[in-house]
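One structure below.
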Amino acid sequence: MQERYELNTPKINDDLLRFPLHTPLWFWLVAGGLASVLGLAGLTYLFVLYFGLGLLGYTDRIMWGFLITNFVFWVGISHAGVMISAILRLAQAEWRRPVTRAAEVMTVFALATAALFPVLHTGRPWRTLYWAFPYDYNRGIWPDVRSALIWDPSAIFTYLTSSTLFVFICLIPDLAVLRDRTRGWQHAIYAVLAMGFQGTSRQWKLQTIAGILLSALILPVFVSVHSIVSWDFAAAILPGWHTTVFPPYFVIGAVHSGVSAVVTLMFLLRKVFKLEDYITPDHFDALGRLLVVVATAWLYFFLMDFYMGMFGGEEAELAVWSLRMYYPPYNVLFPIFIITSYFIPVPVWLFRKFRRNLTVMFWTSICVNVGMWLERFILIVPPLSFKQAFTFLWQDAYSPRWTDWILVIASFCLVTLGVLLFAKVFPIIPLFDIKEGQVLKQELRIGRVRVPAVIRE
Amino acid sequence: MAEHHGATPVTPEEATRELLAKTRTVSTLWLLILGVLAVVGLVALIIFAMGHPTRAQWGYVMSVLAFLLGATQAAPIICFITRLAKGYWSLPIRRVAELFYVTGLVTTPLFLVMVAQLPDWTNRPTIWTNWKGGPVFYDSVFMIGLALTGLAMLYLTGLPDYAEARAMGDRGIRARLARGWMGTPRQWQALNAVLVTLGAFYLMSYVYFHLFITSDFAMSLVPGWKSSVFPGYHALSGFQAGLGLTLVTAALIRKWMHLERYIPMDAFWGASKLLLALSLLFFYFTWSELILPWYGRQPNEIAYLTLLMFGPYKDLFILSAALNWLIPWWFLIWNPIRTSIAGPAFVGAIIVVGNLLDRMRIYLASWSVADVPVGAHLDADHLPPTTYPGILEILIIIGAISAVGFCYMLAMKLMPPVSIWEFKTRLLLKVERPFLAHHEVAVVAKPR
Amino acid sequence: MAVNVRESRLGLFRDPDAVVNAVESLRKAGFRGTDVKVLTDTPYPEGAFGEETERHRLYVFPFVGAACGFSVGVLLTIATQIAYPIVTGGKPIQSIPPMIHVIYEGSMLGAILFTIMGILFESRLPDFGPTPYDRRISEGYLGVLVTKADGRADVAIVCSAKAGP
């Protein structure tokens with residue numbers, strides 16, 4: 001990182017605790033607005049519960065539409081946290097410091113939002129819950145472990161629990177700072193949450209080890225979660241779904257959309273909370289370079305799916321790809337998805353000038369997530385059109401309805417509200433991480449140039 | 001900790017003299033042994049080919065080719081990836097990996113022999129659809145292109161070192177290879193840009209080439225086998241074996257050529273983390289390959305799963321899983337093993353052997369059914385029996401590996417096994433300083 | 001950590017080098033390494049102030065947790081398949097490959113949960129008892145805590161005063 005700012009502890013505390021300790025007017029307006037949309041979504045879903053799934057855009061063949069697309073999308077976004085936090089922590093990348101907690105928090109809320117959708121989409125969520133949960137309910141019926149749909153709850157529950165606890169453990173030192181800076185009922189709450197953390201050498205050593213050990217343990221979970229989600233589709237013997245590349249394809253796609261979402265989030269945090277000293281163009285530059293690699297790997301797996309679809313020339317498989325690429329509305333959505341997921345952002349990210357331009361990075365990251373949402377849609381819906389033949393059809397083509405749109409838009413509001421509320425109560429950028437970066441910061445003189453350096457233990 | 005970071009301090013001038021001197025100490029005895037084995041292997045190949053072997057027997061030749069195309073041609077990619085990610089821990093072992101670019105001299109002719117052994121391609125499932133020339137023409141062009149790119153990379157990375165040799169009075173081939181290299185800032189900028197660009201090209205070519213190898217030399221030969229993760233699996237296991245091979249070679253070179261000051265434990269420590277990740281990914285890709293046909297249970301899926309994993313090559317599958325995943329994982333999760341030289345090198349050796357066995361499993365199985373008529377189905381209950389090697393196949397395998405070793409050692413006579421210019425870079429970028437109560441902590445520069 | 005507040009003395013410093021001097025002085029004055037603790041608001045490299053290296057057994061916890069999670073996963077998958085034996089897609093009643101997913105997730109969840117418990121346990125948290133502490137440590141001051149000053153409180157104070165600001 002070339003950009004180095006002299007940050008002392010009081011300044012770091014003041015800057016990063018400003019929002020948790022003081023509430024601006026805009027917070028109430030934004031939170032209120034988001035909550036209203038969620039309220040509308042709640043009402044919408046009550047309609048769906050009462051009148052039935054016919055209110056959604058399902059057809060007799062296409063029983064997974066917007067809601068499941070959204071589920072996969074949010075599970076994908078949730079992979080950002082582990083990618084940024086765990087992998088960069090293990091790689092000892094200094095630039096991760098301001099980014100980790102925001103990414104981890106986005107993971108938690110994205111995952112919690114994602115977990116809602118499989119429950120909602122069945123139309124009778126109480127049945128879904130007791131069908132998935134291993135409890136007899138005196139019916140003699142137990143979850144079928146052989147179904148990929150049962151692997152999902154175990155994976156998502158594990159990932160959600162692990163991510164939440166990871167956020168909490170790494171939050172403890174900052175809770176201690178909040179405890180020391182507050183009075184009254186706020187102090188009491190933060191004191192309980194901080195659990196008496198003092199900052200002894202032992203506690204710091206264990207914090208450091210915790211970060212590394214939990215990162216190493218969560219990484220395999222991160223890989224398994226989206227792989228298991230992919231098997232929801234791949235395990236079905238449906239042309240266009242039944243392909244072995246789905247697990248790595250889904251995981252790398254998740255990393256692609258997740259890291260892009262982190263770029264979006266960092267831009268917004270920097271702007272809204274005025275964190276120019278902490279979130280610098282260097283961070284966007286590093287994220288951009290990472291995204292080039294991830295996006296190219298994603299394209300590779302997409303092409304493998306495509307080539308093997310062509311391999312063998314099976315009629316059903318070719319028909320699915322044909323539908324995806326040549327028939328409306330997919331013939332419009334498919335090129336949009338390919339261009340927005342790769343062919344717009346990646347050429348832009350190849351240039352340092354653009355990677356360091358925050359506005360360009362913001363819009364390209366949005367572009368990627370538009371494309372990745374479409375990617376999930378195109379992956380899921382067209383193959384369903386080729387399910388077993390029916391003697392008659394009441395509706396052939398999938399068309400989302402207003403209920404689908406509201407529930408999808410509400411999911412974005414839910415995640416945004418979750419992150420906003422978290423940032424209101426806890427520091428969204430880890431204080432001790434930033435302070436540690438200042439402690440380890442050094443400089444080396446090479447000829448006439450002063451090069452930033454870091455202490456390595 | 002300071003003790004993790006260290007080679008004994010050495011000056012740039014001392015390093016240049018010592019490393020250039022190492023090129024004169026390359027063992028002539030070993031060169032001779034490897035050369036003889038390579039020639040024996042070549043003779044064995046000729047005799048084998050003249051004996052009109054069955055396509056199943058060609059599986060052994062294909063196995064060793066796939067092994068070399070994976071392990072040895074993937075090893076240099078570690079350099080590119082760490083150069084791109086600014087992973088300076090790999091500086092001491094980059095040249096050890098880059099020297100494997102010479103493999104192209106062995107794999108290219110062997111590849112051309114194997115591409116001529118492919119069965120009739122009419123109506124066969126293939127990625128080439130009905131393009132004229134597929135697969136022979138395109139595969140051959142790609143192979144030659146990959147080999148030439150590798151040789152170009154090898155030359156370019158050695159350029160500054162040839163110039164050092166010229167500066168030390170060398171008037172031979174190295175002085176000629178140095179051309180006009182003077183080490184100006186512009187030349188350094190150009191070199192870095194070319195290494196990154198050509199390295200990216202090599203990486204992408206390598207990865208795509210594995211698509212061609214796996215589809216044309218394996219999947220197209222087995223009726224009903226279509227697996228989109230298999231090319232990725234093949235490329236990844238090649239990376240894993242390449243890194244393992246680099247660690248083994250680095251450990252041997254460090255010991256035999258007394259390069260302890262130049263190849264510190266740090267490089268092995270950094271590589272061991274990557275090796276652990278790759279070993280876990282091996283399991284992940286293998287599992288992706290296995291779970292879907294197991295779950296689908298279509299007749300063709302059961303047939304090819306039995307052929308590749310649970311039938312005549314079950315023992316190879318179990319051994320491969322153990323050597324590529326289980327044993328490496330069990331060793332590398334322990335910090336004391338990762339923070340040593342023998343540990344990662346030992347695990348690397350296990351992985352290299354495991355990779356060879358894995359390639360045998362894949363290609364012996366595929367080539368054993370290559371003559372099944374196109375459009376026919378495999379029957380899981382009536383699969384061909386295990387193909388065992390004869391003496392000729394064993395000599396071919398040993399000969400091919402020895403030929404790579406021979407070329408490698410020949411290349412070491414030209415280029416020092418530790419890159420002089422990258423070693424000097426490391427001296428600039430890493431210093432030891434006191435910090436509070438510590439007498440020495442490592443301070444690593446992070447330039448743009 | 002249970003610390004007797006009365007027997008403890010906490011010195012606050014602004015300069016890390018002063019902390020190094022203070023710790024050294026206290027050692028020379030005969031205080032044991034385990035009785036001298038440095039309190040900071042940010043992690044420093046281990047041993048940076050000359051304090052004693054902390055030993056822990058955190059690495060046991062993930063293994064124990066994984067074993068517990070593994071057992072639960074195995075029991076759950078076997079029990080549910082036996083309790084509701086339906087043949088799905090020609091697969092055996094006890095199907096090992098699908099079981100592996102649930103067992104794997106169970107093992108990882110167990111490992112992570114026990115690791116969290118281990119981190120808290122080894123950090124000696126939660127600790128809601130009265131402990132010597134100063135809010136200024138969160139504002140960048142560094143604290144040197146002598147937990148068993150006993151009758152040598154004056155010695156501890158002198159060492160701290162001589163160390164620096």
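Here, A, B, ... name the chains of the structure tokens in the order displayed, residue numbers run from 1 inside each chain, and ligands are numbered from 1 in the same displayed order.
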Please find the residues of chain C near chain B - the criterion being any atom within 9 Å, counting only C-alpha atoms - and write them as a ChimeraX atom specification. /C:16-17,20-21,46-51,89-91,97-98
So which residues touch A:Val454 within 9 Å, counting only C-alpha atoms, skipping near sequence neighbours fewer than 5 positions away, as a list in words? Glu94, Gly437, Leu440, Lys441, Gln442 and Glu443 of chain A; Ala442, Val443, Val444, Ala445 and Lys446 of chain B
Could you save those same residues with all heavy atoms as a compact mmCIF listing (two decimals), in the first residue's frame?
# COMPACT_ATOMS: atom_id res chain seq x y z
N GLU A 94 -2.01 -6.98 4.15
CA GLU A 94 -2.27 -5.83 5.02
C GLU A 94 -3.51 -5.05 4.61
O GLU A 94 -4.17 -4.43 5.45
CB GLU A 94 -1.06 -4.89 5.01
CG GLU A 94 0.12 -5.37 5.85
CD GLU A 94 -0.22 -5.40 7.33
OE1 GLU A 94 -0.66 -4.37 7.87
OE2 GLU A 94 -0.05 -6.48 7.95
N GLY A 437 -2.29 -2.31 12.35
CA GLY A 437 -1.64 -1.91 11.12
C GLY A 437 -0.68 -0.75 11.34
O GLY A 437 0.40 -0.71 10.75
N LEU A 440 2.50 -2.09 13.13
CA LEU A 440 3.39 -2.90 12.30
C LEU A 440 3.95 -2.13 11.11
O LEU A 440 4.79 -2.65 10.38
CB LEU A 440 2.62 -4.14 11.77
CG LEU A 440 2.12 -5.11 12.83
CD1 LEU A 440 1.38 -6.27 12.16
CD2 LEU A 440 3.25 -5.66 13.67
N LYS A 441 3.49 -0.91 10.95
CA LYS A 441 3.90 -0.12 9.78
C LYS A 441 5.38 0.29 9.89
O LYS A 441 5.83 0.74 10.93
CB LYS A 441 3.03 1.14 9.75
CG LYS A 441 3.05 1.90 8.46
CD LYS A 441 1.98 2.99 8.47
CE LYS A 441 2.39 4.16 9.37
NZ LYS A 441 1.48 5.31 9.19
N GLN A 442 6.12 0.09 8.80
CA GLN A 442 7.52 0.47 8.76
C GLN A 442 7.81 1.09 7.39
O GLN A 442 6.92 1.18 6.55
CB GLN A 442 8.41 -0.77 8.92
CG GLN A 442 8.28 -1.47 10.25
CD GLN A 442 9.12 -0.85 11.32
OE1 GLN A 442 10.31 -0.62 11.15
NE2 GLN A 442 8.52 -0.57 12.46
N GLU A 443 9.07 1.48 7.23
CA GLU A 443 9.51 2.01 5.93
C GLU A 443 10.90 1.51 5.63
O GLU A 443 11.73 1.41 6.53
CB GLU A 443 9.53 3.54 5.99
CG GLU A 443 8.63 4.19 4.97
CD GLU A 443 8.60 5.70 5.11
OE1 GLU A 443 9.58 6.27 5.60
OE2 GLU A 443 7.59 6.27 4.71
N ALA B 442 11.64 -9.31 11.31
CA ALA B 442 11.73 -9.19 9.86
C ALA B 442 10.83 -8.06 9.40
O ALA B 442 9.69 -7.95 9.84
CB ALA B 442 11.28 -10.49 9.20
N VAL B 443 11.38 -7.21 8.56
CA VAL B 443 10.61 -6.11 7.98
C VAL B 443 10.60 -6.33 6.48
O VAL B 443 11.65 -6.41 5.84
CB VAL B 443 11.23 -4.73 8.32
CG1 VAL B 443 10.44 -3.62 7.64
CG2 VAL B 443 11.24 -4.52 9.83
N VAL B 444 9.41 -6.47 5.93
CA VAL B 444 9.26 -6.82 4.52
C VAL B 444 8.66 -5.63 3.79
O VAL B 444 7.62 -5.10 4.20
CB VAL B 444 8.32 -8.04 4.37
CG1 VAL B 444 8.10 -8.37 2.91
CG2 VAL B 444 8.90 -9.23 5.11
N ALA B 445 9.32 -5.21 2.72
CA ALA B 445 8.82 -4.07 1.95
C ALA B 445 7.63 -4.50 1.10
O ALA B 445 7.54 -5.64 0.66
CB ALA B 445 9.93 -3.52 1.06
N LYS B 446 6.75 -3.54 0.86
CA LYS B 446 5.57 -3.81 0.03
C LYS B 446 5.51 -2.75 -1.08
O LYS B 446 4.70 -1.84 -1.04
CB LYS B 446 4.30 -3.71 0.89
CG LYS B 446 4.22 -4.73 1.99
CD LYS B 446 3.71 -6.04 1.44
CE LYS B 446 3.59 -7.09 2.51
NZ LYS B 446 3.20 -8.39 1.97
If I take atom CA of A:Tyr135 and atom CA of C:Ile96, how far is one from the other in Å, to one decimal? 21.4 Å
Find the nearest atom pair between each residue of chain B and chain A for residues within 8 Å, count only C-alpha atoms, give distances in Å to one decimal, sort rows by chain and ascending number, and present the table as a Markdown table.
| residue | atom | partner | partner_atom | distance |
| --- | --- | --- | --- | --- |
| B:Met1 | CA | A:Glu457 | CA | 5.1 |
| B:Ala2 | CA | A:Glu457 | CA | 7.4 |
| B:Arg124 | CA | A:Gly312 | CA | 7.5 |
| B:Pro125 | CA | A:Gly312 | CA | 4.0 |
| B:Thr126 | CA | A:Phe311 | CA | 5.2 |
| B:Ile127 | CA | A:Phe311 | CA | 5.1 |
| B:Thr129 | CA | A:Phe311 | CA | 7.5 |
| B:Lys226 | CA | A:Met308 | CA | 6.9 |
| B:Ser227 | CA | A:Thr244 | CA | 5.7 |
| B:Ser228 | CA | A:Val245 | CA | 5.0 |
| B:Val229 | CA | A:Val245 | CA | 4.2 |
| B:Phe230 | CA | A:Val245 | CA | 7.9 |
| B:Pro231 | CA | A:Met304 | CA | 7.9 |
| B:Gly232 | CA | A:Phe301 | CA | 8.0 |
| B:Phe285 | CA | A:Pro248 | CA | 7.9 |
| B:Ser288 | CA | A:Thr244 | CA | 5.9 |
| B:Glu289 | CA | A:Thr244 | CA | 5.9 |
| B:Leu292 | CA | A:Ala235 | CA | 6.0 |
| B:Tyr295 | CA | A:Ala235 | CA | 6.3 |
| B:Gly296 | CA | A:Ile237 | CA | 6.2 |
| B:Leu428 | CA | A:Ile446 | CA | 6.9 |
| B:Leu429 | CA | A:Leu444 | CA | 7.9 |
| B:Val441 | CA | A:Ile455 | CA | 6.7 |
| B:Ala442 | CA | A:Arg456 | CA | 5.4 |
| B:Val443 | CA | A:Ile455 | CA | 4.5 |
| B:Val444 | CA | A:Ala453 | CA | 5.3 |
| B:Ala445 | CA | A:Ala453 | CA | 3.9 |
| B:Lys446 | CA | A:Ala453 | CA | 5.2 |
| B:Pro447 | CA | A:Val451 | CA | 5.9 |
| B:Arg448 | CA | A:Gln2 | CA | 7.0 |
Contacts of B:Ser402 at 12 Å (only C-alpha atoms; same-chain gap of 5+ positions) as an MDAnalysis selection string: chainID B and resid 30:42 64 68 103 106 395:397 407:409
Filtering to N, CA, C and O atoms, could you give me those residues as an mmCIF file, in the first residue's frame?
data_model
loop_
_atom_site.group_PDB
_atom_site.id
_atom_site.type_symbol
_atom_site.label_atom_id
_atom_site.label_comp_id
_atom_site.auth_asym_id
_atom_site.auth_seq_id
_atom_site.Cartn_x
_atom_site.Cartn_y
_atom_site.Cartn_z
ATOM 1 N N TRP B 30 25.381 -37.952 -12.502
ATOM 2 C CA TRP B 30 23.920 -38.027 -12.573
ATOM 3 C C TRP B 30 23.414 -37.695 -13.968
ATOM 4 O O TRP B 30 22.438 -38.273 -14.440
ATOM 5 N N LEU B 31 24.098 -36.773 -14.602
ATOM 6 C CA LEU B 31 23.739 -36.396 -15.974
ATOM 7 C C LEU B 31 23.859 -37.622 -16.884
ATOM 8 O O LEU B 31 22.975 -37.919 -17.703
ATOM 9 N N LEU B 32 24.917 -38.352 -16.663
ATOM 10 C CA LEU B 32 25.156 -39.557 -17.452
ATOM 11 C C LEU B 32 24.092 -40.617 -17.188
ATOM 12 O O LEU B 32 23.530 -41.226 -18.123
ATOM 13 N N ILE B 33 23.822 -40.824 -15.909
ATOM 14 C CA ILE B 33 22.832 -41.854 -15.538
ATOM 15 C C ILE B 33 21.477 -41.527 -16.138
ATOM 16 O O ILE B 33 20.826 -42.384 -16.764
ATOM 17 N N LEU B 34 21.065 -40.257 -15.968
ATOM 18 C CA LEU B 34 19.751 -39.867 -16.481
ATOM 19 C C LEU B 34 19.721 -39.950 -18.001
ATOM 20 O O LEU B 34 18.720 -40.366 -18.599
ATOM 21 N N GLY B 35 20.830 -39.562 -18.626
ATOM 22 C CA GLY B 35 20.913 -39.632 -20.081
ATOM 23 C C GLY B 35 20.773 -41.057 -20.587
ATOM 24 O O GLY B 35 20.024 -41.325 -21.541
ATOM 25 N N VAL B 36 21.466 -41.962 -19.921
ATOM 26 C CA VAL B 36 21.397 -43.372 -20.328
ATOM 27 C C VAL B 36 19.983 -43.916 -20.148
ATOM 28 O O VAL B 36 19.443 -44.590 -21.029
ATOM 29 N N LEU B 37 19.391 -43.587 -19.019
ATOM 30 C CA LEU B 37 18.013 -44.057 -18.774
ATOM 31 C C LEU B 37 17.048 -43.474 -19.803
ATOM 32 O O LEU B 37 16.122 -44.162 -20.247
ATOM 33 N N ALA B 38 17.267 -42.225 -20.175
ATOM 34 C CA ALA B 38 16.405 -41.600 -21.189
ATOM 35 C C ALA B 38 16.540 -42.327 -22.528
ATOM 36 O O ALA B 38 15.547 -42.611 -23.209
ATOM 37 N N VAL B 39 17.768 -42.651 -22.878
ATOM 38 C CA VAL B 39 17.995 -43.360 -24.151
ATOM 39 C C VAL B 39 17.379 -44.759 -24.093
ATOM 40 O O VAL B 39 16.734 -45.208 -25.050
ATOM 41 N N VAL B 40 17.543 -45.420 -22.960
ATOM 42 C CA VAL B 40 16.929 -46.757 -22.783
ATOM 43 C C VAL B 40 15.422 -46.652 -22.937
ATOM 44 O O VAL B 40 14.780 -47.494 -23.585
ATOM 45 N N GLY B 41 14.867 -45.603 -22.351
ATOM 46 C CA GLY B 41 13.426 -45.384 -22.460
ATOM 47 C C GLY B 41 12.993 -45.171 -23.893
ATOM 48 O O GLY B 41 11.954 -45.687 -24.331
ATOM 49 N N LEU B 42 13.783 -44.423 -24.628
ATOM 50 C CA LEU B 42 13.465 -44.164 -26.040
ATOM 51 C C LEU B 42 13.519 -45.450 -26.859
ATOM 52 O O LEU B 42 12.624 -45.734 -27.667
ATOM 53 N N VAL B 64 2.254 -41.520 -18.388
ATOM 54 C CA VAL B 64 3.471 -40.775 -18.056
ATOM 55 C C VAL B 64 3.479 -39.427 -18.783
ATOM 56 O O VAL B 64 3.945 -38.418 -18.236
ATOM 57 N N LEU B 68 3.701 -35.857 -16.869
ATOM 58 C CA LEU B 68 4.687 -34.805 -17.160
ATOM 59 C C LEU B 68 3.997 -33.502 -17.572
ATOM 60 O O LEU B 68 4.421 -32.419 -17.179
ATOM 61 N N THR B 103 10.705 -29.032 -19.849
ATOM 62 C CA THR B 103 9.936 -30.268 -20.049
ATOM 63 C C THR B 103 9.338 -30.343 -21.436
ATOM 64 O O THR B 103 9.149 -31.439 -21.973
ATOM 65 N N VAL B 106 10.640 -32.680 -23.990
ATOM 66 C CA VAL B 106 10.364 -34.128 -23.863
ATOM 67 C C VAL B 106 8.900 -34.411 -24.160
ATOM 68 O O VAL B 106 8.570 -35.360 -24.872
ATOM 69 N N LEU B 395 10.149 -49.322 -18.523
ATOM 70 C CA LEU B 395 11.334 -48.601 -19.014
ATOM 71 C C LEU B 395 10.940 -47.284 -19.679
ATOM 72 O O LEU B 395 11.651 -46.288 -19.570
ATOM 73 N N ILE B 396 9.799 -47.288 -20.363
ATOM 74 C CA ILE B 396 9.341 -46.044 -20.995
ATOM 75 C C ILE B 396 9.044 -44.993 -19.937
ATOM 76 O O ILE B 396 9.421 -43.821 -20.066
ATOM 77 N N ILE B 397 8.367 -45.403 -18.876
ATOM 78 C CA ILE B 397 8.027 -44.455 -17.801
ATOM 79 C C ILE B 397 9.303 -43.899 -17.173
ATOM 80 O O ILE B 397 9.473 -42.681 -17.021
ATOM 81 N N CYS B 407 17.265 -33.058 -19.081
ATOM 82 C CA CYS B 407 17.127 -31.693 -19.626
ATOM 83 C C CYS B 407 17.230 -30.657 -18.515
ATOM 84 O O CYS B 407 17.817 -29.588 -18.688
ATOM 85 N N TYR B 408 16.680 -30.971 -17.362
ATOM 86 C CA TYR B 408 16.699 -30.057 -16.221
ATOM 87 C C TYR B 408 18.140 -29.797 -15.778
ATOM 88 O O TYR B 408 18.563 -28.654 -15.574
ATOM 89 N N MET B 409 18.887 -30.887 -15.658
ATOM 90 C CA MET B 409 20.272 -30.729 -15.193
ATOM 91 C C MET B 409 21.133 -30.028 -16.241
ATOM 92 O O MET B 409 22.024 -29.253 -15.899
#
Taking into account only C-alpha atoms, which residue in the set B:Val26, B:Leu307, B:Ala200, B:Leu45 is nearest to B:Trp367?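 That would be B:Leu307, the residue with the smallest distance to B:Trp367.
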Chain A near chain C within 6 Å: what's each residue's closest atom pair and its distance in Å to one decimal, counting only C-alpha atoms, ordered by chain then ascending residue number, as a Markdown table?
| residue | atom | partner | partner_atom | distance |
| --- | --- | --- | --- | --- |
| A:Thr9 | CA | C:Gly140 | CA | 5.2 |
| A:Pro10 | CA | C:Glu139 | CA | 5.4 |
| A:Trp142 | CA | C:Thr80 | CA | 5.8 |
| A:Arg146 | CA | C:Pro98 | CA | 5.3 |
| A:Ala155 | CA | C:Glu105 | CA | 5.9 |
| A:Thr158 | CA | C:Leu109 | CA | 5.4 |
| A:Val177 | CA | C:Ser138 | CA | 5.4 |
| A:Asp180 | CA | C:Arg135 | CA | 5.2 |
| A:Met195 | CA | C:Pro126 | CA | 4.4 |
| A:Gly196 | CA | C:Asp127 | CA | 4.8 |
| A:Gly199 | CA | C:Leu39 | CA | 5.0 |
| A:Thr200 | CA | C:Leu39 | CA | 4.6 |
| A:Arg202 | CA | C:Glu54 | CA | 5.8 |
| A:Gln203 | CA | C:Ser123 | CA | 5.0 |
| A:Trp204 | CA | C:Pro43 | CA | 5.4 |
| A:Phe432 | CA | C:Thr42 | CA | 5.1 |
| A:Lys435 | CA | C:Thr42 | CA | 6.0 |
| A:Glu436 | CA | C:Thr42 | CA | 5.7 |
Write out as an mmCIF file with C-alpha atoms, in the first residue's frame the set of residues from chain C that DSSP, computed on the backbone, places in strand (DSSP E).
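Okay, this is what ended up in out_18.cif:
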data_model
loop_
_atom_site.group_PDB
_atom_site.id
_atom_site.type_symbol
_atom_site.label_atom_id
_atom_site.label_comp_id
_atom_site.auth_asym_id
_atom_site.auth_seq_id
_atom_site.Cartn_x
_atom_site.Cartn_y
_atom_site.Cartn_z
ATOM 1 C CA ARG C 9 -0.650 -1.936 40.837
ATOM 2 C CA LEU C 10 -1.332 -0.566 37.351
ATOM 3 C CA GLY C 11 1.044 1.869 35.690
ATOM 4 C CA LEU C 12 0.034 3.807 32.562
ATOM 5 C CA PHE C 13 2.502 4.840 29.877
ATOM 6 C CA VAL C 36 3.628 -8.706 35.267
ATOM 7 C CA LYS C 37 1.084 -8.110 32.523
ATOM 8 C CA VAL C 38 1.007 -5.530 29.776
ATOM 9 C CA LEU C 39 -2.386 -4.105 28.817
ATOM 10 C CA LEU C 142 -0.256 1.202 27.636
ATOM 11 C CA GLY C 143 -0.703 -0.381 31.040
ATOM 12 C CA VAL C 144 1.754 -2.407 33.083
ATOM 13 C CA LEU C 145 -0.126 -4.406 35.666
ATOM 14 C CA VAL C 146 1.673 -5.997 38.573
#
At a cut-off of 8 Å, using only C-alpha atoms, what residues contact stretch 71-81 of chain A? Leave out same-chain residues fewer than 3 positions from it and give the result as a compact mmCIF listing (two decimals) with C-alpha atoms, in the first residue's frame.
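What ended up in selection18.txt:
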# COMPACT_ATOMS: atom_id res chain seq x y z
CA LEU A 67 -37.31 -16.79 -5.01
CA ILE A 68 -34.82 -19.60 -5.48
CA ILE A 84 -11.90 -11.30 2.21
CA SER A 85 -11.56 -12.06 5.87
CA ALA A 86 -10.25 -15.61 6.05
CA THR A 100 -12.87 -7.54 6.90
CA ARG A 101 -15.61 -6.74 9.35
CA ALA A 102 -17.91 -5.12 6.80
CA ALA A 103 -17.51 -8.17 4.59
CA GLU A 104 -18.15 -10.55 7.49
CA VAL A 105 -21.26 -8.64 8.56
CA MET A 106 -22.56 -8.61 5.02
CA THR A 107 -22.00 -12.38 5.01
CA VAL A 108 -24.11 -12.89 8.11
CA PHE A 109 -27.04 -10.82 6.91
CA ALA A 110 -26.86 -12.09 3.34
CA LEU A 111 -26.86 -15.65 4.57
CA THR A 113 -31.72 -13.48 4.16
CA ALA A 114 -30.86 -16.32 1.81
CA ALA A 115 -32.00 -18.89 4.36
CA LEU A 116 -35.47 -17.31 4.39
CA PHE A 117 -36.19 -17.98 0.75
CA PRO A 118 -36.28 -21.79 0.62
CA PHE A 222 -17.33 -21.70 2.83
CA HIS A 226 -22.26 -23.19 -2.10
CA VAL A 229 -26.44 -25.39 -2.86
CA PHE A 250 -21.09 -21.89 -8.04
CA VAL A 251 -18.36 -21.25 -5.48
CA GLY A 253 -19.35 -17.30 -8.98
CA ALA A 254 -20.20 -16.63 -5.35
CA VAL A 255 -16.75 -15.22 -4.71
CA SER A 257 -20.42 -11.59 -6.83
CA GLY A 258 -19.49 -11.42 -3.14
CA VAL A 259 -16.24 -9.53 -3.62
CA ALA A 261 -20.60 -6.57 -3.32
CA VAL A 262 -17.78 -5.76 -0.91
CA MET A 372 -24.62 -12.59 -11.55
CA TRP A 373 -28.29 -12.36 -10.53
CA ARG A 376 -28.52 -17.62 -11.52
Mind checking which residues fall within 9 Å of stretch 110-114 of chain B, counting only C-alpha atoms, ignoring those fewer than 4 positions away in the same chain, and posting them as a ChimeraX atom specification? /B:58,61-62,65,106,118,136,140,143,217,400
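Shell of B:Trp256 at 12 Å, with only C-alpha atoms counted and residues fewer than 4 places along the chain excluded, is Lys22, Thr25, Val26, Ser27, Trp30, Thr249, Ala250, Ala251, Leu252, Glu260 and Pro417 of chain B.
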For A:Ser385, which residue out of A:Phe362, A:Trp402, A:Trp64, A:Phe166 is the nearest one, using only C-alpha atoms? A:Trp64
Pairwise distance for atom CA of A:Val48 and atom CA of A:Trp405, rounded to one decimal in Å: 13.0 Å
Atom CA of A:Gly57 to atom CA of A:Pro400, straight-line distance in Å: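 Going from atom CA of A:Pro400 over to atom CA of A:Gly57 covers 4.6 Å.
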For each of A:Ile366, A:Leu193, A:Leu265, A:Ala423, take the minimum atom-to-atom distance to A:Phe168, counting only C-alpha atoms, then give the residue where this is smallest.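 Among the listed residues, A:Leu193 lies closest to A:Phe168.
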Residue contacts of stretch 8-13 of chain B (8 Å, only C-alpha atoms) excluding same-chain residues fewer than 4 positions away, as an MDAnalysis selection string: chainID B and resid 17 261 424 427
Among stretch 158-374 of chain A, which residues does DSSP mark as alpha helix (DSSP H) when it is run on the backbone? Keep the chain and numbering as in the structure and answer as number ranges by chain. A: 158-181, 184-194, 201-234, 246-273, 281-310, 315-326, 330-338, 345-349, 352-355, 358-374
